[in-house]
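Structure file final09.tsv with TSV, C-alpha atoms:
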chain	number	residue	atom	x	y	z
A	1	MET	CA	-9.64	-85.77	-9.06
A	2	ARG	CA	-9.35	-82.13	-9.91
A	3	ARG	CA	-13.03	-81.63	-9.25
A	4	HIS	CA	-12.62	-83.33	-5.88
A	5	ASN	CA	-9.78	-80.95	-4.96
A	6	LEU	CA	-11.87	-77.96	-5.91
A	7	ASN	CA	-14.70	-79.17	-3.71
A	8	VAL	CA	-12.35	-79.63	-0.77
A	9	ASN	CA	-10.98	-76.12	-1.26
A	10	LEU	CA	-14.45	-74.66	-1.47
A	11	ASN	CA	-15.53	-76.54	1.65
A	12	ASN	CA	-12.51	-75.22	3.55
A	13	LEU	CA	-13.22	-71.68	2.38
A	14	MET	CA	-16.86	-71.95	3.40
A	15	LYS	CA	-15.79	-73.08	6.87
A	16	THR	CA	-13.56	-70.04	7.38
A	17	TRP	CA	-16.04	-67.51	5.94
A	18	MET	CA	-17.70	-65.34	8.55
A	19	PRO	CA	-20.54	-63.41	6.94
A	20	LYS	CA	-20.90	-59.85	8.18
A	21	GLU	CA	-24.21	-59.14	9.78
A	22	TYR	CA	-25.80	-56.04	8.27
A	23	THR	CA	-28.13	-54.13	10.52
A	24	ALA	CA	-30.99	-52.00	9.27
A	25	LEU	CA	-28.99	-48.89	10.24
A	26	ASP	CA	-26.01	-49.95	8.08
A	27	ILE	CA	-28.25	-50.46	5.10
A	28	ARG	CA	-29.90	-47.06	5.56
A	29	ALA	CA	-26.52	-45.31	5.92
A	30	GLY	CA	-25.24	-47.08	2.82
A	31	VAL	CA	-28.26	-45.99	0.83
A	32	TRP	CA	-27.83	-42.36	1.87
A	33	GLN	CA	-24.10	-42.45	1.07
A	34	ARG	CA	-24.86	-43.73	-2.40
A	35	ILE	CA	-27.48	-41.01	-2.91
A	36	GLU	CA	-24.99	-38.33	-1.79
A	37	ARG	CA	-22.34	-39.69	-4.13
A	38	ALA	CA	-24.77	-39.68	-7.02
A	39	GLU	CA	-25.82	-36.03	-6.47
A	40	PRO	CA	-23.22	-33.24	-6.92
A	41	ALA	CA	-22.67	-31.06	-3.81
A	42	GLY	CA	-24.60	-27.79	-3.52
A	43	TRP	CA	-21.51	-25.56	-3.61
A	44	ARG	CA	-20.25	-27.39	-6.66
A	45	VAL	CA	-23.48	-26.74	-8.51
A	46	ALA	CA	-23.33	-23.07	-7.48
A	47	MET	CA	-19.72	-22.71	-8.66
A	48	GLU	CA	-20.47	-24.40	-11.96
A	49	SER	CA	-23.42	-22.06	-12.60
A	50	LEU	CA	-21.20	-19.08	-11.67
A	51	PHE	CA	-18.48	-20.22	-14.08
A	52	ALA	CA	-21.06	-20.62	-16.82
A	53	LEU	CA	-22.52	-17.20	-16.06
A	54	MET	CA	-19.15	-15.45	-16.12
A	55	THR	CA	-18.22	-16.84	-19.51
A	56	ARG	CA	-21.22	-15.16	-21.11
A	57	PRO	CA	-19.82	-12.45	-23.43
A	58	ALA	CA	-21.96	-9.61	-22.05
A	59	LEU	CA	-21.12	-10.38	-18.44
A	60	ALA	CA	-17.43	-10.98	-19.19
A	61	THR	CA	-17.21	-7.61	-20.96
A	62	GLY	CA	-18.91	-5.92	-18.01
A	63	LEU	CA	-16.51	-7.60	-15.64
A	64	VAL	CA	-13.45	-6.41	-17.60
A	65	ALA	CA	-14.89	-2.88	-17.75
A	66	PHE	CA	-15.43	-2.93	-13.99
A	67	ALA	CA	-11.88	-4.21	-13.47
A	68	ILE	CA	-10.50	-1.33	-15.58
A	69	MET	CA	-12.44	1.23	-13.53
A	70	ALA	CA	-11.35	-0.38	-10.27
A	71	GLY	CA	-7.74	-0.36	-11.48
A	72	ILE	CA	-7.94	3.33	-12.41
A	73	ALA	CA	-9.46	4.16	-9.02
A	74	VAL	CA	-6.78	2.27	-7.09
A	75	GLY	CA	-3.98	3.71	-9.28
A	76	THR	CA	-5.30	7.25	-8.82
A	77	ILE	CA	-5.70	6.97	-5.05
A	78	THR	CA	-2.24	5.42	-4.67
A	79	SER	CA	-0.63	8.07	-6.88
A	80	GLU	CA	-2.35	10.87	-4.91
A	81	THR	CA	-0.85	9.55	-1.70
A	82	ALA	CA	2.56	9.18	-3.36
A	83	GLN	CA	2.47	12.71	-4.84
A	84	THR	CA	1.36	14.29	-1.56
A	85	GLN	CA	4.13	12.46	0.30
A	86	ALA	CA	6.70	13.47	-2.33
A	87	TYR	CA	5.66	17.13	-1.93
A	88	LEU	CA	5.84	16.97	1.87
A	89	ASN	CA	9.27	15.31	1.72
A	90	SER	CA	10.52	17.99	-0.67
A	91	VAL	CA	9.52	20.85	1.66
A	92	ALA	CA	10.77	19.26	4.86
A	93	VAL	CA	14.07	17.64	3.99
A	94	TYR	CA	15.56	18.63	7.36
A	95	ARG	CA	13.19	16.20	9.07
A	96	MET	CA	15.02	13.33	7.40
A	97	LEU	CA	18.34	14.42	8.90
A	98	PRO	CA	19.54	12.50	11.96
B	1	MET	CA	-13.45	-24.08	-17.41
B	2	LYS	CA	-10.84	-22.80	-19.90
B	3	ARG	CA	-13.10	-19.91	-20.90
B	4	PHE	CA	-13.66	-19.04	-17.27
B	5	ALA	CA	-9.89	-19.03	-16.63
B	6	ALA	CA	-9.41	-16.78	-19.67
B	7	VAL	CA	-12.04	-14.34	-18.38
B	8	VAL	CA	-10.41	-14.24	-14.93
B	9	ILE	CA	-6.90	-13.69	-16.35
B	10	LEU	CA	-8.14	-10.99	-18.74
B	11	THR	CA	-9.99	-9.24	-15.89
B	12	LEU	CA	-6.94	-9.23	-13.63
B	13	LEU	CA	-4.69	-8.09	-16.45
B	14	ALA	CA	-7.06	-5.24	-17.31
B	15	CYS	CA	-7.25	-4.18	-13.66
B	16	VAL	CA	-3.47	-4.15	-13.13
B	17	THR	CA	-2.73	-2.41	-16.45
B	18	ALA	CA	-5.35	0.28	-15.83
B	19	GLY	CA	-3.99	0.82	-12.32
B	20	LEU	CA	-0.40	1.15	-13.48
B	21	ILE	CA	-1.31	3.57	-16.30
B	22	ALA	CA	-3.36	5.73	-13.89
B	23	TYR	CA	-0.51	5.72	-11.37
B	24	TYR	CA	2.05	6.66	-14.04
B	25	MET	CA	-0.13	9.43	-15.49
B	26	HIS	CA	-0.54	11.07	-12.07
B	27	THR	CA	3.01	10.64	-10.77
B	28	ARG	CA	4.83	11.91	-13.86
B	29	GLN	CA	3.84	15.45	-12.86
B	30	ASP	CA	6.05	17.49	-10.56
B	31	PRO	CA	4.69	16.95	-6.99
B	32	ALA	CA	4.49	20.71	-6.32
B	33	GLU	CA	2.60	21.31	-9.55
B	34	TRP	CA	0.34	18.38	-8.74
B	35	VAL	CA	-0.43	19.76	-5.24
B	36	GLY	CA	-1.05	23.21	-6.75
B	37	ARG	CA	-3.52	21.79	-9.26
B	38	LYS	CA	-5.15	19.71	-6.53
B	39	LEU	CA	-5.64	22.95	-4.57
B	40	GLY	CA	-7.40	24.48	-7.54
B	41	LEU	CA	-4.57	26.66	-8.88
B	42	GLU	CA	-4.21	27.34	-12.58
B	43	GLY	CA	-2.28	29.64	-14.88
B	44	ILE	CA	-0.21	32.42	-13.28
B	45	LYS	CA	-1.10	31.39	-9.72
B	46	LEU	CA	0.06	27.84	-10.39
B	47	THR	CA	3.30	29.15	-11.88
B	48	GLU	CA	3.80	31.37	-8.80
B	49	PHE	CA	3.10	28.38	-6.54
B	50	THR	CA	5.67	26.14	-8.26
B	51	ALA	CA	8.21	28.99	-8.57
B	52	ALA	CA	7.92	29.72	-4.84
B	53	HIS	CA	8.32	26.02	-4.16
B	54	ASN	CA	11.42	25.69	-6.36
B	55	GLU	CA	12.96	28.79	-4.75
B	56	TYR	CA	12.23	27.45	-1.28
B	57	VAL	CA	13.63	23.98	-2.07
B	58	VAL	CA	17.01	25.57	-2.97
B	59	SER	CA	17.18	27.50	0.33
B	60	CYS	CA	15.97	24.40	2.20
B	61	ALA	CA	18.77	22.30	0.68
B	62	GLU	CA	21.26	24.99	1.70
B	63	MET	CA	19.96	24.89	5.29
B	64	CYS	CA	20.23	21.09	5.30
B	65	ARG	CA	23.81	21.37	4.09
B	66	ARG	CA	24.58	23.74	6.96
B	67	ILE	CA	22.97	21.41	9.51
B	68	GLU	CA	24.98	18.48	8.15
B	69	GLU	CA	28.16	20.55	8.35
B	70	VAL	CA	27.48	21.35	12.00
B	71	ASN	CA	26.69	17.66	12.66
B	72	ASP	CA	30.03	16.71	11.05
B	73	VAL	CA	31.90	19.25	13.19
B	74	LEU	CA	30.16	17.83	16.25
B	75	ALA	CA	31.14	14.28	15.29
B	76	ASP	CA	34.77	15.40	14.76
B	77	GLN	CA	34.83	17.14	18.16
B	78	LEU	CA	33.51	14.04	19.88
B	79	MET	CA	36.11	11.88	18.15
B	80	VAL	CA	38.92	14.07	19.50
B	81	LYS	CA	37.58	14.52	23.03
B	82	GLN	CA	34.92	12.16	24.28
B	83	GLU	CA	33.44	14.60	26.77
B	84	VAL	CA	30.89	17.38	26.83
B	85	THR	CA	33.07	20.44	26.44
B	86	PRO	CA	31.77	24.03	26.11
B	87	ASP	CA	32.64	23.70	22.40
B	88	VAL	CA	30.40	20.66	22.03
B	89	ILE	CA	27.56	22.48	23.81
B	90	ALA	CA	28.03	25.46	21.51
B	91	ILE	CA	27.89	23.20	18.42
B	92	LEU	CA	24.73	21.49	19.71
B	93	SER	CA	23.12	24.89	20.24
B	94	ARG	CA	24.17	25.88	16.74
B	95	ALA	CA	22.57	22.71	15.27
B	96	GLU	CA	19.35	23.35	17.20
B	97	SER	CA	19.18	27.00	16.15
B	98	LEU	CA	19.65	25.90	12.52
B	99	ARG	CA	16.78	23.45	12.89
B	100	ALA	CA	14.63	26.21	14.37
B	101	GLU	CA	15.64	28.50	11.50
B	102	CYS	CA	14.63	25.72	9.08
B	103	LYS	CA	11.18	25.48	10.65
B	104	GLN	CA	10.82	29.25	10.58
B	105	ASN	CA	11.69	29.35	6.85
B	106	MET	CA	9.31	26.51	6.19
B	107	LEU	CA	6.45	28.25	7.99
B	108	THR	CA	7.17	31.50	6.12
B	109	HIS	CA	7.05	29.57	2.84
B	110	PHE	CA	3.77	27.87	3.74
B	111	MET	CA	2.19	31.22	4.66
B	112	LYS	CA	3.45	32.74	1.43
B	113	VAL	CA	2.05	30.07	-0.86
B	114	ALA	CA	-1.19	29.83	1.13
B	115	GLU	CA	-1.89	33.44	0.14
B	116	LEU	CA	-2.28	32.23	-3.44
B	117	LEU	CA	-5.17	29.99	-2.43
B	118	ASP	CA	-8.86	30.51	-1.67
B	119	LYS	CA	-9.86	30.67	2.00
B	120	GLU	CA	-11.17	27.10	1.98
B	121	LYS	CA	-8.12	25.73	0.20
B	122	GLN	CA	-5.84	27.72	2.51
B	123	SER	CA	-7.05	25.82	5.55
B	124	LYS	CA	-6.85	22.54	3.62
B	125	TYR	CA	-3.25	23.32	2.65
B	126	MET	CA	-2.30	24.35	6.18
B	127	GLN	CA	-3.85	21.13	7.53
B	128	LEU	CA	-1.66	19.21	5.09
B	129	VAL	CA	1.62	20.96	5.89
B	130	MET	CA	1.25	21.94	9.55
B	131	PRO	CA	2.24	18.51	10.89
B	132	LEU	CA	5.68	19.17	9.37
B	133	ILE	CA	6.09	22.03	11.83
B	134	THR	CA	4.29	20.57	14.82
B	135	GLU	CA	5.15	16.86	14.63
B	136	ARG	CA	8.34	15.28	15.89
B	137	ASP	CA	11.27	14.92	13.47
B	138	GLN	CA	13.55	11.89	13.03
B	139	MET	CA	15.70	12.70	16.07
B	140	GLU	CA	12.71	13.24	18.33
B	141	LYS	CA	11.09	10.06	16.98
B	142	SER	CA	14.19	8.08	17.89
B	143	HIS	CA	13.49	9.06	21.53
B	144	GLU	CA	9.85	7.98	21.38
B	145	HIS	CA	10.45	4.99	23.65
B	146	HIS	CA	11.17	7.36	26.58
B	147	ARG	CA	7.69	8.80	26.37
B	148	PRO	CA	5.15	7.41	28.86
Is it possible to give me this structure as structure tokens?
Amino acid sequence: MRRHNLNVNLNNLMKTWMPKEYTALDIRAGVWQRIERAEPAGWRVAMESLFALMTRPALATGLVAFAIMAGIAVGTITSETAQTQAYLNSVAVYRMLP
Amino acid sequence: MKRFAAVVILTLLACVTAGLIAYYMHTRQDPAEWVGRKLGLEGIKLTEFTAAHNEYVVSCAEMCRRIEEVNDVLADQLMVKQEVTPDVIAILSRAESLRAECKQNMLTHFMKVAELLDKEKQSKYMQLVMPLITERDQMEKSHEHHRP
């Protein structure tokens, strides 16, 4: 009885099932999508190699040294502007008056 | 990824710290002394440069005080009578002549300290300070919108 019921259910399901028709184009697109998913993107590979490169001790040390020099340069240039402006303000106070 | 983040943070930290130290080291000097050194002065000439500056700053502050006094008198006058009386015109003239006197003192000071410098540095110094004489001041700038 149970088996009979299962058969009826299966028959009903088979009647309502509408198989999707796959065209050759769909299959090709699907294949390419799967290939793309399997391979990491170009930029990702590039970033990963850059990360790996930057964690090398020699390169990391060089990078920190460069950052220190850049910081000194920026600090010096900014301070020069600030000192020059402070001098000019000190000799021309009247210009600040309304 | 963690090592990369550590390298980036360390790099940024080093850059900012170095920048702040450089900025502090340069700005802790007196601006006049710093300008003097920048213009190649050393020893007695540098001392003369800073002494002349300090002397001038005192007289400059005195002139500013006088201008402010005149401005206060003008404000008081206008509070009493809201019209352009001969007194108000006289006070305005007084304020303008004080400003002119200020510029004259400034120019005299610039000429005096420029004599301490080499020819090349003299022109560099004058290029730096001349806009203070020739450019518009705060009051003139506030009327900029009337210019075509």
With all atoms listed in the file counted and 12 Å as the cut-off, give the residues of region 63-134 of chain B in contact with region 23-36 of chain B, each with its shortest interatomic distance in Å and the pair that gives it, as CSV.
residue,atom,partner,partner_atom,distance
B:Val113,CA,B:Gly36,CA,9.6
B:Ala114,CA,B:Gly36,CA,10.3
B:Leu116,CA,B:Gly36,CA,9.7
B:Leu117,CA,B:Gly36,CA,9.0
B:Asp118,CA,B:Gly36,CA,11.8
B:Lys121,CA,B:Gly36,CA,10.2
B:Gln122,CA,B:Gly36,CA,11.4
B:Lys124,CA,B:Val35,CA,11.3
B:Tyr125,CA,B:Val35,CA,9.1
B:Leu128,CA,B:Val35,CA,10.4
B:Val129,CA,B:Val35,CA,11.4
Report as JSON lines the residues of chain B within 8 Å of chain A, each with its shortest atom pair and distance in Å (one decimal), using all atoms listed in the file, ordered by chain and increasing residue number.
{"residue": "B:Met1", "atom": "CA", "partner": "A:Phe51", "partner_atom": "CA", "distance": 7.2}
{"residue": "B:Arg3", "atom": "CA", "partner": "A:Thr55", "partner_atom": "CA", "distance": 6.1}
{"residue": "B:Phe4", "atom": "CA", "partner": "A:Thr55", "partner_atom": "CA", "distance": 5.5}
{"residue": "B:Val7", "atom": "CA", "partner": "A:Ala60", "partner_atom": "CA", "distance": 6.4}
{"residue": "B:Leu10", "atom": "CA", "partner": "A:Val64", "partner_atom": "CA", "distance": 7.1}
{"residue": "B:Thr11", "atom": "CA", "partner": "A:Val64", "partner_atom": "CA", "distance": 4.8}
{"residue": "B:Leu12", "atom": "CA", "partner": "A:Ala67", "partner_atom": "CA", "distance": 7.0}
{"residue": "B:Ala14", "atom": "CA", "partner": "A:Ile68", "partner_atom": "CA", "distance": 5.5}
{"residue": "B:Cys15", "atom": "CA", "partner": "A:Gly71", "partner_atom": "CA", "distance": 4.4}
{"residue": "B:Val16", "atom": "CA", "partner": "A:Gly71", "partner_atom": "CA", "distance": 5.9}
{"residue": "B:Thr17", "atom": "CA", "partner": "A:Gly71", "partner_atom": "CA", "distance": 7.3}
{"residue": "B:Ala18", "atom": "CA", "partner": "A:Gly71", "partner_atom": "CA", "distance": 5.0}
{"residue": "B:Gly19", "atom": "CA", "partner": "A:Gly71", "partner_atom": "CA", "distance": 4.0}
{"residue": "B:Leu20", "atom": "CA", "partner": "A:Gly75", "partner_atom": "CA", "distance": 6.1}
{"residue": "B:Ile21", "atom": "CA", "partner": "A:Gly75", "partner_atom": "CA", "distance": 7.5}
{"residue": "B:Ala22", "atom": "CA", "partner": "A:Gly75", "partner_atom": "CA", "distance": 5.1}
{"residue": "B:Tyr23", "atom": "CA", "partner": "A:Gly75", "partner_atom": "CA", "distance": 4.5}
{"residue": "B:Tyr24", "atom": "CA", "partner": "A:Ser79", "partner_atom": "CA", "distance": 7.8}
{"residue": "B:His26", "atom": "CA", "partner": "A:Ser79", "partner_atom": "CA", "distance": 6.0}
{"residue": "B:Thr27", "atom": "CA", "partner": "A:Ser79", "partner_atom": "CA", "distance": 5.9}
{"residue": "B:Pro31", "atom": "CA", "partner": "A:Tyr87", "partner_atom": "CA", "distance": 5.2}
{"residue": "B:Ala32", "atom": "CA", "partner": "A:Tyr87", "partner_atom": "CA", "distance": 5.8}
{"residue": "B:Trp34", "atom": "CA", "partner": "A:Gln83", "partner_atom": "CA", "distance": 7.2}
{"residue": "B:Val35", "atom": "CA", "partner": "A:Thr84", "partner_atom": "CA", "distance": 6.8}
{"residue": "B:His53", "atom": "CA", "partner": "A:Val91", "partner_atom": "CA", "distance": 7.9}
{"residue": "B:Tyr56", "atom": "CA", "partner": "A:Val91", "partner_atom": "CA", "distance": 7.7}
{"residue": "B:Val57", "atom": "CA", "partner": "A:Val91", "partner_atom": "CA", "distance": 6.4}
{"residue": "B:Cys60", "atom": "CA", "partner": "A:Val93", "partner_atom": "CA", "distance": 7.2}
{"residue": "B:Ala61", "atom": "CA", "partner": "A:Val93", "partner_atom": "CA", "distance": 7.4}
{"residue": "B:Met63", "atom": "CA", "partner": "A:Tyr94", "partner_atom": "CA", "distance": 7.9}
{"residue": "B:Cys64", "atom": "CA", "partner": "A:Tyr94", "partner_atom": "CA", "distance": 5.7}
{"residue": "B:Glu68", "atom": "CA", "partner": "A:Leu97", "partner_atom": "CA", "distance": 7.8}
{"residue": "B:Arg99", "atom": "CA", "partner": "A:Tyr94", "partner_atom": "CA", "distance": 7.4}
{"residue": "B:Cys102", "atom": "CA", "partner": "A:Tyr94", "partner_atom": "CA", "distance": 7.4}
{"residue": "B:Met106", "atom": "CA", "partner": "A:Val91", "partner_atom": "CA", "distance": 7.3}
{"residue": "B:Val129", "atom": "CA", "partner": "A:Leu88", "partner_atom": "CA", "distance": 7.1}
{"residue": "B:Leu132", "atom": "CA", "partner": "A:Ala92", "partner_atom": "CA", "distance": 6.8}
{"residue": "B:Asp137", "atom": "CA", "partner": "A:Arg95", "partner_atom": "CA", "distance": 5.0}
{"residue": "B:Gln138", "atom": "CA", "partner": "A:Arg95", "partner_atom": "CA", "distance": 5.9}
{"residue": "B:Met139", "atom": "CA", "partner": "A:Pro98", "partner_atom": "CA", "distance": 5.6}
At what distance in Å, to one decimal, does CA of Ala5 (chain B) lie from CA of Ala46 (chain A)? 16.8 Å
Adding 4 Å on each side of the box along x, y and z that holds all listed atoms of region 87-100 of chain B, could you give its centre and edge lengths in Å to one decimal, as lines of an AutoDock Vina configuration file?
center_x = 23.6
center_y = 23.8
center_z = 18.2
size_x = 26.0
size_y = 14.3
size_z = 19.3
Rounded to one decimal in Å, what is the spacing between CA of Ile9 (chain B) and CA of Gly42 (chain A)? 26.0 Å
Taking the block above, write region 45-70 of chain A with N, CA and C atoms as a PDB file, in the first residue's frame.
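Written out: selection_20.pdb:
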ATOM      1  N   VAL A  45      45.991  37.793  -7.564  1.00  0.00           N
ATOM      2  CA  VAL A  45      47.314  37.150  -7.606  1.00  0.00           C
ATOM      3  C   VAL A  45      48.397  38.206  -7.414  1.00  0.00           C
ATOM      4  N   ALA A  46      48.222  39.342  -8.122  1.00  0.00           N
ATOM      5  CA  ALA A  46      49.215  40.426  -8.026  1.00  0.00           C
ATOM      6  C   ALA A  46      49.322  40.946  -6.593  1.00  0.00           C
ATOM      7  N   MET A  47      48.163  41.153  -5.957  1.00  0.00           N
ATOM      8  CA  MET A  47      48.172  41.668  -4.573  1.00  0.00           C
ATOM      9  C   MET A  47      48.831  40.681  -3.624  1.00  0.00           C
ATOM     10  N   GLU A  48      48.502  39.396  -3.826  1.00  0.00           N
ATOM     11  CA  GLU A  48      49.090  38.384  -2.944  1.00  0.00           C
ATOM     12  C   GLU A  48      50.602  38.337  -3.088  1.00  0.00           C
ATOM     13  N   SER A  49      51.090  38.464  -4.353  1.00  0.00           N
ATOM     14  CA  SER A  49      52.553  38.454  -4.537  1.00  0.00           C
ATOM     15  C   SER A  49      53.167  39.706  -3.926  1.00  0.00           C
ATOM     16  N   LEU A  50      52.453  40.844  -4.017  1.00  0.00           N
ATOM     17  CA  LEU A  50      52.958  42.089  -3.417  1.00  0.00           C
ATOM     18  C   LEU A  50      53.033  41.961  -1.894  1.00  0.00           C
ATOM     19  N   PHE A  51      51.985  41.394  -1.302  1.00  0.00           N
ATOM     20  CA  PHE A  51      51.981  41.199   0.160  1.00  0.00           C
ATOM     21  C   PHE A  51      53.167  40.335   0.576  1.00  0.00           C
ATOM     22  N   ALA A  52      53.371  39.271  -0.190  1.00  0.00           N
ATOM     23  CA  ALA A  52      54.451  38.340   0.141  1.00  0.00           C
ATOM     24  C   ALA A  52      55.808  39.037   0.024  1.00  0.00           C
ATOM     25  N   LEU A  53      55.912  39.871  -1.029  1.00  0.00           N
ATOM     26  CA  LEU A  53      57.173  40.579  -1.280  1.00  0.00           C
ATOM     27  C   LEU A  53      57.476  41.574  -0.153  1.00  0.00           C
ATOM     28  N   MET A  54      56.426  42.267   0.279  1.00  0.00           N
ATOM     29  CA  MET A  54      56.625  43.322   1.295  1.00  0.00           C
ATOM     30  C   MET A  54      56.935  42.768   2.678  1.00  0.00           C
ATOM     31  N   THR A  55      56.619  41.523   2.903  1.00  0.00           N
ATOM     32  CA  THR A  55      56.914  40.949   4.225  1.00  0.00           C
ATOM     33  C   THR A  55      58.330  40.371   4.284  1.00  0.00           C
ATOM     34  N   ARG A  56      59.049  40.443   3.184  1.00  0.00           N
ATOM     35  CA  ARG A  56      60.454  40.003   3.217  1.00  0.00           C
ATOM     36  C   ARG A  56      61.237  40.992   4.079  1.00  0.00           C
ATOM     37  N   PRO A  57      62.059  40.490   5.008  1.00  0.00           N
ATOM     38  CA  PRO A  57      62.748  41.381   5.957  1.00  0.00           C
ATOM     39  C   PRO A  57      63.529  42.524   5.295  1.00  0.00           C
ATOM     40  N   ALA A  58      64.282  42.200   4.231  1.00  0.00           N
ATOM     41  CA  ALA A  58      65.111  43.228   3.595  1.00  0.00           C
ATOM     42  C   ALA A  58      64.246  44.344   3.010  1.00  0.00           C
ATOM     43  N   LEU A  59      63.176  43.939   2.336  1.00  0.00           N
ATOM     44  CA  LEU A  59      62.309  44.929   1.695  1.00  0.00           C
ATOM     45  C   LEU A  59      61.530  45.738   2.736  1.00  0.00           C
ATOM     46  N   ALA A  60      61.089  45.044   3.793  1.00  0.00           N
ATOM     47  CA  ALA A  60      60.344  45.731   4.862  1.00  0.00           C
ATOM     48  C   ALA A  60      61.230  46.772   5.542  1.00  0.00           C
ATOM     49  N   THR A  61      62.492  46.421   5.773  1.00  0.00           N
ATOM     50  CA  THR A  61      63.436  47.362   6.395  1.00  0.00           C
ATOM     51  C   THR A  61      63.645  48.578   5.489  1.00  0.00           C
ATOM     52  N   GLY A  62      63.807  48.296   4.192  1.00  0.00           N
ATOM     53  CA  GLY A  62      63.980  49.379   3.225  1.00  0.00           C
ATOM     54  C   GLY A  62      62.773  50.302   3.197  1.00  0.00           C
ATOM     55  N   LEU A  63      61.623  49.693   3.291  1.00  0.00           N
ATOM     56  CA  LEU A  63      60.366  50.452   3.269  1.00  0.00           C
ATOM     57  C   LEU A  63      60.269  51.378   4.484  1.00  0.00           C
ATOM     58  N   VAL A  64      60.615  50.854   5.658  1.00  0.00           N
ATOM     59  CA  VAL A  64      60.573  51.653   6.892  1.00  0.00           C
ATOM     60  C   VAL A  64      61.605  52.790   6.801  1.00  0.00           C
ATOM     61  N   ALA A  65      62.781  52.474   6.266  1.00  0.00           N
ATOM     62  CA  ALA A  65      63.822  53.510   6.116  1.00  0.00           C
ATOM     63  C   ALA A  65      63.336  54.619   5.179  1.00  0.00           C
ATOM     64  N   PHE A  66      62.703  54.223   4.100  1.00  0.00           N
ATOM     65  CA  PHE A  66      62.160  55.199   3.146  1.00  0.00           C
ATOM     66  C   PHE A  66      61.075  56.057   3.810  1.00  0.00           C
ATOM     67  N   ALA A  67      60.236  55.388   4.619  1.00  0.00           N
ATOM     68  CA  ALA A  67      59.155  56.118   5.316  1.00  0.00           C
ATOM     69  C   ALA A  67      59.736  57.142   6.279  1.00  0.00           C
ATOM     70  N   ILE A  68      60.830  56.777   6.960  1.00  0.00           N
ATOM     71  CA  ILE A  68      61.473  57.719   7.898  1.00  0.00           C
ATOM     72  C   ILE A  68      61.995  58.934   7.131  1.00  0.00           C
ATOM     73  N   MET A  69      62.655  58.679   6.008  1.00  0.00           N
ATOM     74  CA  MET A  69      63.204  59.793   5.209  1.00  0.00           C
ATOM     75  C   MET A  69      62.092  60.681   4.665  1.00  0.00           C
ATOM     76  N   ALA A  70      61.017  60.037   4.203  1.00  0.00           N
ATOM     77  CA  ALA A  70      59.868  60.807   3.690  1.00  0.00           C
ATOM     78  C   ALA A  70      59.263  61.651   4.805  1.00  0.00           C
TER      79      ALA A  70
END
